[in-house]
Protein chains: 2
Amino acid sequence: MATLGDIGVSAVINIVTAFAFLLAFALLRIQPINDRVYFPKWYLTGARGSPRHSANLVANFVNLNFNTYLTFLNWMPQTLRMKEPQIIDHAGLDSAAFLRIYILGLKIFGPTAIVAFLVLIPVNASGGMLFFLSRDLVISDIDKLSISNVQPKSPKFFAHIFMMYLFTFWACYMLYKEYDVVASMRLNFLALKSRRAEQFTVLVRNVPHVPGHSVSDTVKCFFEKNHSTHYLCHQTVYNANKYARAVRKRQKLQNKLDYNQLKLERHPNTRPTRKTGLLGLWGEKLDSIEYYQQKIKELDEKLTMEHQKILKDPKRIMSAAFVSFNSRWGAAVCAQTQQSKNPILWLTDWAPEPRDVYWKNLAIPFISLSIRKLVISLAVFALVFFYIIPITFVQSLANLEGLERVVPFLRPVLEWSFIKSFLQGFLPGLALKVFLWLLPGILMTMSKIEGHVAFSVLERSTAAKYYFFMLVNVFLGSIVAGTAIQQLHSFLHQSPTQIPRTIGVSIPMKATFFITYIMVDGWAGMAGEILRLKPLIMFHLKNTLMVKTERDRLKAMNPKSIDFPEAIPSLQLYFLMGAVYAVVTPILLPFILIFFAFAYFVYRHQVINVYNQRYESAAAFWPHVHHRIIASLLISQLLLLGLLSTKKAANSTPLLVVLPILTVTFHKFCKSRFEPAFRKYPLEEAVEKDTQDEVSEAVNDMKSYLCEAYLHPVLRSIEEFELFELGVDNNRAHIPSQVATELEPVSGSGSGSHSPKEEHKVAPKRQDLEVVVEQHDKT
Amino acid sequence: MATLGDIGVSAVINIVTAFAFLLAFALLRIQPINDRVYFPKWYLTGARGSPRHSANLVANFVNLNFNTYLTFLNWMPQTLRMKEPQIIDHAGLDSAAFLRIYILGLKIFGPTAIVAFLVLIPVNASGGMLFFLSRDLVISDIDKLSISNVQPKSPKFFAHIFMMYLFTFWACYMLYKEYDVVASMRLNFLALKSRRAEQFTVLVRNVPHVPGHSVSDTVKCFFEKNHSTHYLCHQTVYNANKYARAVRKRQKLQNKLDYNQLKLERHPNTRPTRKTGLLGLWGEKLDSIEYYQQKIKELDEKLTMEHQKILKDPKRIMSAAFVSFNSRWGAAVCAQTQQSKNPILWLTDWAPEPRDVYWKNLAIPFISLSIRKLVISLAVFALVFFYIIPITFVQSLANLEGLERVVPFLRPVLEWSFIKSFLQGFLPGLALKVFLWLLPGILMTMSKIEGHVAFSVLERSTAAKYYFFMLVNVFLGSIVAGTAIQQLHSFLHQSPTQIPRTIGVSIPMKATFFITYIMVDGWAGMAGEILRLKPLIMFHLKNTLMVKTERDRLKAMNPKSIDFPEAIPSLQLYFLMGAVYAVVTPILLPFILIFFAFAYFVYRHQVINVYNQRYESAAAFWPHVHHRIIASLLISQLLLLGLLSTKKAANSTPLLVVLPILTVTFHKFCKSRFEPAFRKYPLEEAVEKDTQDEVSEAVNDMKSYLCEAYLHPVLRSIEEFELFELGVDNNRAHIPSQVATELEPVSGSGSGSHSPKEEHKVAPKRQDLEVVVEQHDKT
């Protein structure tokens, strides 16, 4: 077991690594050539054009202003300059709420750490149990400050129980306050949003098939009858997957055409040519520009035909529709009520934002959904508990002997002792590493199979699965020190009171492991996150090798969104560690606090400068965050109960049994108090917004605009789809710009589409978009 | 352990008891004097007047037509004569759905019994394991036909697994069909109901306090704003408990007055007198009629003042209101949506029927509700697992020595050996018996504290608690043979896989016990139910001692409702026994089948002739029935799993693990498929009914009638309240009669207030009521 010295060494190594990363980041970020890697958000919002207009050629690529090198850590205060409301404007509420989780961590564990140091460390240190043993057993110095150092049956345990109470109450108080704040932030955010399609629209699924009527007629009939005064129009959902493929093909051709035209501009004398054969390597020589123009024309004809086919062929129409209403009240009512006598038909729910819709899953019938859910939950269970089986199998194949048999000509190389030892150390872990790297993707695929209809829900569902995996395999796996299957086996064959004891007793011993984990995964990992090494390399690779047009460069920039499915579960693991060790080994808390603070800076920087959110769910993930922190509290209480019962402090049991009951009650209360704000839309709110709209100005073309809003993006225009795919239109209000600007005075400040620098990006209609693209082309 | 012979003896005893009860019932029911005990429903519907108009005085009391004695069992075919739609007309959907549970039992276990006898009995009997043991151990003959007789590791267990699959699929199929039928019966029933206040009304709770505004103003403001086109009017809820007490006092005085007036009529010469002193035993003599008239006049003045006070004093107005809408659509929308930004304010839900409202709980604020729920669930847990502690304590006090010490003068009597042995056998059980007798009342009180606002919900909640108690203390208690505390202790200290094994292994041995239980509690108990011994005695006692006026006789008749909180859980225990023993000891099934068939006859008779339902929830209890039968299936599957694992048929485990998963999936599917029909009101349905109303006739005084419908009954008129308390107004539509008759053609057949014999009872306004009462007086 690690001594304090070992921990110190590990800390030094990790701090040095982190600082190395930070230094590298500080140097790289001020190089103009890397500007698009470290500040893509500003390019997308249009605030930053290409900075490479200096007369000095070198200055276009390398920062020659040496003063900036001296202040290499100044990004940290810079990130704090932007206040929260501005961040909401700039990056959306999702990002702002995500940052709040780190602050919540600081708020919960900061005061806890102080009190725990003042109260528990003296109590533990004076316990003196381990001093007698220290010669014989290898006991870490950290253990002397933990609960292990208190002798069994000691009345000192009441100090720990008292701290647990204090910590639980404090955490619940902070959670309550935070939930309250986030809920009202969400309501405000929704209230200040300008008129948006999703506020008026409801997604209807499982539209029944009425013989002799089209889906569209059935929907119209039903809603004209049952929501007569509120129904406005609807948009059926088309199965346009085939068409989408063709559109992507056209995109590629267009790209090549652009490239050739660019070539021609630069060298007006030599028209670019191309051969007709395979990959353009042999055959007849042709004028490239004409060739591509011809190809595009052909494809366009096909596309038009396919387009017509989609709109007319009843088989291409799915049994789902986006139904729009003439008021928010009407939509709120429809989304929250049961429509049909048969409750599995005409299922209504709020429509996600148009860009958030996952189109493929819209047509899954109800029964299939139930079965998918069952199958996926079984699959997740199997994955979490039995993933080790296939990996062990692959590992047994992928050893050195196997490799030599497969690639005998490499044998001399493999026999070198250096390479051999490297491979022997590396290969066994490889399968596991590959699996862990693939895991988020696998979980996301599972969520897609489950049948959720919005990317935001898909990501939340993936996050839940990932958290479950981490809880079992990282947290419990590290403590109990066995594979998940062994855990499952022992859980099934131990009594319910024995399990917390088994885990509880080994918790204090694992404190050093988790401290190291926090430093490696948390500290160094975060520094790696801000360095963006992978995107940096990828961007420069793409930029030199593949980028032909400005459109490609936009693509290569690829700022990505915050990786919710991975970031939130990992973050919650820290809450779990904090909760469990707050009372047992409080020395762990400062490490977590440093992580929270550092990660807050890093993510704040990334949110402001890098990430470009794909959708805006208005902090819809918060209830999940809240639930899982509550779950962490419950786990920590149960483990302390188990730990104390092994310490023969049995008379403390009744005291500790009360805590989980109180926590569950608190959870239930919070659920009913705040969760509806994230799931429903109060009529009071809807009426207020409707009245505001009426007072300000009546928009007459509501109907035409709403009907178009939920058209499959591929069915719009080629350019729009392309930009949709690039994620450029993140601030699109999906309102014709004249409508949007009319509405602007109503919506007030705070809306995502409000800040002046983004103004021209609102509702990029085809013409506007081309302007944007051209503007980029010039750089 | 009992042999087949013992079971036979027990069966004979119970069959004889049951037949004795039936014979007694057959004799008693045809005596005119008992007519009001055995046919009160017909008196209440008005179809039957008093039959005592024969010239022969004896014939008024004793049936002298000896032919009727010969056909003493003819009530059985008679009960079948009334078809289900008529039963719904006559007694409501609750009663009809209740009867369907028994038919469901027959449908599930009938075919199961046949298949099990054909397949499992031969398999078990040929097992031959117990033949070797039978000399040494006392093994019942029944065990030779059970799964105990199959040798460990035998492949024959696959027959049992196959049967379990067959049984589960069959049960699920029947459950699905039945849920479907009941759900559509419910929708039909609601659709055919004539216009009723609860269809237009929503109960709003947690109305916030706005300074300077009354509750009434706040409600009006809020709904005029947020449901502008649908809001009609509202009725605030008054705290009228004090007033209700005064009204009851006035009732008693009125009763005495009536009695004295009757006396005067019979003996016109002697005016009845009364003394002023205590209990009318001494003091000045007064004319009784004048005295009571004077008293009533005084009380009436007080009542008027109190009445005014209630309506004016803002402290008497609770923060709840019944809000009525001008269409069913409006009410459906309001009931299903979230109103306020703060989700714990303005909580809306469907209003229960006016007669179903539990007025006292209307004003409980949200936070208090959460705390109450927590406290009560803890209390129920404690009651179920630790009730034995206080009872043991009481028992330790209530022994013979204790009794002799308390009442020394009885010592000679207590020393008689006969009385001594009787008491010694009787006293220890007394405390338990008293507790079990009080239990439903205790559970009902708990449910009331929990804060439900309708009697129907209170009864369902009580039923759930009672079922939990029975499951732990009767079913598991009998099998594991230990008190609930011991069970709890062993469950906490055994592994989750061990528990089904512990229980499973003792299941086959307890078959004989449950057979006896079914015969005693089911067969003889049902025969006791139809005899109505207690109501019979109570009615005659009251009739001779206390009944002064016809109103008293109505009260003494006391037909009661079906006792849902007790009847449904007991019934579900039979489903549980059937499910558990269907595969283990199929010989038990015929006993259950006889119970279901017999109970069906008995309850059908009672529903038609006796019970007078206090409320109509339109089979709202069905989801609970369904859930608990599913739970029984799950329990039976787990126990079989445990049993087979002790039989070392371990390779069967994977096969059996699949079953619970499938069952849970089926349950989830049913829940989403059918439960909304019991909890929500589809807008499609609402629109249909609204359109029907519009087409037929516009009712102009909707507003005035709706506003009055949810006035606290005590605030109406004295007579109305009195009849409300008597439960006479069960078919009241709460619509002024002219409105009701106008609506009659619209509502079609099938409504409770439709059948001609009840016509005159619709909406008994004060004049009408007096006619009814007078009519009774003449008899």
# chains A, B, ... in the order shown; residues from 1 in each chain; ligands from 1
call {"tool": "residues_around", "arguments": {"residues": "A:Gly105", "least_positions_apart": "3", "cutoff": "12 Å", "atoms": "only C-alpha atoms", "output": "ChimeraX atom specification"}}
result
/A:98-102,108-113,170-171,174-175,178,571-579,589-590,592-600,625-626,629
call {"tool": "residues_around", "arguments": {"residues": "stretch 604-613 of chain B", "least_positions_apart": "2", "cutoff": "10 Å", "atoms": "only C-alpha atoms", "output": "ChimeraX atom specification"}}
result
/B:36-45,75-80,82,86-87,90-92,94-96,98-99,529-530,532,557-563,598-602,615-617,727-728,730-731
call {"tool": "closest_residue", "arguments": {"among": "B:Val182, B:Leu383, B:Leu554, B:Ser340", "to": "A:Ala677", "atoms": "only C-alpha atoms"}}
result
B:Ser340
call {"tool": "interface_residues", "arguments": {"of": "chain A", "to": "chain B", "cutoff": "6 Å", "atoms": "only C-alpha atoms", "output": "CSV table (one decimal) with N, CA and C atoms, in the first residue's frame"}}
result
chain,number,residue,atom,x,y,z
A,226,ASN,N,-60.5,17.1,-32.4
A,226,ASN,CA,-60.2,17.1,-31.0
A,226,ASN,C,-59.5,18.3,-30.5
A,336,GLN,N,-49.5,17.2,-23.2
A,336,GLN,CA,-49.7,16.7,-21.8
A,336,GLN,C,-50.9,15.8,-21.6
A,337,THR,N,-51.8,15.7,-22.6
A,337,THR,CA,-53.0,15.0,-22.4
A,337,THR,C,-53.0,13.7,-23.2
A,338,GLN,N,-53.9,12.8,-22.8
A,338,GLN,CA,-54.1,11.6,-23.6
A,338,GLN,C,-55.1,11.9,-24.7
A,339,GLN,N,-54.8,11.5,-25.9
A,339,GLN,CA,-55.6,11.8,-27.0
A,339,GLN,C,-56.7,10.8,-27.3
A,340,SER,N,-56.2,9.5,-27.4
A,340,SER,CA,-57.1,8.5,-27.9
A,340,SER,C,-57.7,7.6,-26.9
A,341,LYS,N,-58.8,6.9,-27.2
A,341,LYS,CA,-59.3,6.0,-26.2
A,341,LYS,C,-58.3,4.8,-26.1
A,343,PRO,N,-54.8,4.0,-25.5
A,343,PRO,CA,-53.7,4.8,-25.0
A,343,PRO,C,-52.4,4.5,-25.7
A,344,ILE,N,-52.3,3.5,-26.6
A,344,ILE,CA,-51.0,3.3,-27.3
A,344,ILE,C,-51.1,3.9,-28.7
A,492,LEU,N,-25.2,-12.2,-5.0
A,492,LEU,CA,-26.4,-13.1,-5.1
A,492,LEU,C,-26.3,-14.0,-3.9
A,493,HIS,N,-25.1,-14.3,-3.4
A,493,HIS,CA,-25.0,-15.4,-2.4
A,493,HIS,C,-24.6,-14.8,-1.0
A,494,GLN,N,-24.6,-13.5,-0.9
A,494,GLN,CA,-24.5,-12.9,0.4
A,494,GLN,C,-25.8,-12.3,0.9
A,495,SER,N,-25.9,-12.2,2.2
A,495,SER,CA,-27.1,-11.6,2.7
A,495,SER,C,-27.1,-10.1,2.4
A,496,PRO,N,-28.2,-9.4,2.3
A,496,PRO,CA,-28.3,-8.0,2.0
A,496,PRO,C,-27.5,-7.2,3.0
A,497,THR,N,-27.4,-7.6,4.3
A,497,THR,CA,-26.7,-6.9,5.3
A,497,THR,C,-25.2,-7.1,5.2
A,673,ARG,N,-41.2,18.5,-6.7
A,673,ARG,CA,-41.2,20.0,-6.7
A,673,ARG,C,-40.6,20.5,-8.0
A,682,PRO,N,-45.8,24.5,-18.1
A,682,PRO,CA,-47.0,24.9,-17.4
A,682,PRO,C,-47.9,25.8,-18.2
A,683,LEU,N,-49.2,25.7,-18.1
A,683,LEU,CA,-50.1,26.5,-18.9
A,683,LEU,C,-50.0,27.9,-18.6
A,684,GLU,N,-49.7,28.3,-17.3
A,684,GLU,CA,-49.5,29.6,-16.9
A,684,GLU,C,-48.5,30.3,-17.8
call {"tool": "atom_distance", "arguments": {"atom1": "atom CA of A:Leu476", "atom2": "atom CA of A:Pro586"}}
result
19.2 Å
call {"tool": "closest_residue", "arguments": {"among": "B:Asp287, B:Leu458, B:Val583, B:Lys249", "to": "B:Leu264", "atoms": "only C-alpha atoms"}}
result
B:Asp287
call {"tool": "closest_residue", "arguments": {"among": "A:Glu450, A:Phe591, A:Pro408, A:Leu28", "to": "A:Ile515", "atoms": "only C-alpha atoms"}}
result
A:Phe591
call {"tool": "select_by_dssp", "arguments": {"residues": "stretch 143-365 of chain A", "states": "strand (DSSP E or B)", "output": "JSON, numbers by chain"}}
result
{"A": [201, 202, 203, 204, 205, 231, 232, 233, 234, 235, 236, 237, 238, 273, 274, 275, 285, 286, 287, 317, 318, 319, 320, 321, 322, 323, 324, 325, 347, 348, 349, 350, 357]}
call {"tool": "residues_around", "arguments": {"residues": "B:Ser645", "least_positions_apart": "5", "cutoff": "10 Å", "atoms": "only C-alpha atoms", "output": "list of chain:residue names"}}
result
B:Pro152, B:Lys153, B:Thr497, B:Gln498, B:Pro500, B:Arg501, B:Gly504, B:Val505, B:Leu639, B:Leu640, B:Ala650, B:Asn651, B:Ser652, B:Thr653
call {"tool": "atom_distance", "arguments": {"atom1": "atom CA of B:Leu641", "atom2": "atom CA of B:His667"}}
result
19.9 Å
call {"tool": "closest_residue", "arguments": {"among": "A:Arg195, A:His160, A:Lys302, A:Lys534", "to": "A:Val119", "atoms": "only C-alpha atoms"}}
result
A:His160
call {"tool": "atom_distance", "arguments": {"atom1": "atom CA of B:Ile630", "atom2": "atom CA of B:Ile507"}}
result
19.5 Å
call {"tool": "residues_around", "arguments": {"residues": "B:Phe539", "least_positions_apart": "3", "cutoff": "7 Å", "atoms": "only C-alpha atoms", "output": "PyMOL selection string"}}
result
chain B and resi 535-536+542-543+556-557
call {"tool": "write_last_selection", "arguments": {"atoms": "N, CA, C and O atoms", "output": "PDB file, in the first residue's frame"}}
result
ATOM      1  N   PRO B 535     -75.806  -8.406  10.657  1.00  0.00           N
ATOM      2  CA  PRO B 535     -76.825  -7.425  10.296  1.00  0.00           C
ATOM      3  C   PRO B 535     -78.232  -7.876  10.685  1.00  0.00           C
ATOM      4  O   PRO B 535     -79.070  -7.067  11.075  1.00  0.00           O
ATOM      5  N   LEU B 536     -78.475  -9.212  10.587  1.00  0.00           N
ATOM      6  CA  LEU B 536     -79.794  -9.726  10.944  1.00  0.00           C
ATOM      7  C   LEU B 536     -80.112  -9.418  12.403  1.00  0.00           C
ATOM      8  O   LEU B 536     -81.156  -8.850  12.735  1.00  0.00           O
ATOM      9  N   LYS B 542     -82.265  -3.348  16.756  1.00  0.00           N
ATOM     10  CA  LYS B 542     -82.569  -1.937  16.564  1.00  0.00           C
ATOM     11  C   LYS B 542     -84.051  -1.732  16.321  1.00  0.00           C
ATOM     12  O   LYS B 542     -84.665  -0.793  16.825  1.00  0.00           O
ATOM     13  N   ASN B 543     -84.608  -2.611  15.522  1.00  0.00           N
ATOM     14  CA  ASN B 543     -85.996  -2.457  15.123  1.00  0.00           C
ATOM     15  C   ASN B 543     -86.907  -2.512  16.336  1.00  0.00           C
ATOM     16  O   ASN B 543     -87.882  -1.766  16.440  1.00  0.00           O
ATOM     17  N   ALA B 556     -81.517   1.568  10.305  1.00  0.00           N
ATOM     18  CA  ALA B 556     -81.278   0.246  10.875  1.00  0.00           C
ATOM     19  C   ALA B 556     -81.051  -0.796   9.788  1.00  0.00           C
ATOM     20  O   ALA B 556     -80.337  -1.783   9.987  1.00  0.00           O
ATOM     21  N   MET B 557     -81.609  -0.563   8.612  1.00  0.00           N
ATOM     22  CA  MET B 557     -81.491  -1.506   7.510  1.00  0.00           C
ATOM     23  C   MET B 557     -80.021  -1.676   7.104  1.00  0.00           C
ATOM     24  O   MET B 557     -79.548  -2.787   6.917  1.00  0.00           O
TER      25      MET B 557
END
call {"tool": "closest_residue", "arguments": {"among": "A:Arg274, A:Lys648, A:Arg679, A:Arg628", "to": "A:Phe468", "atoms": "only C-alpha atoms"}}
result
A:Arg628
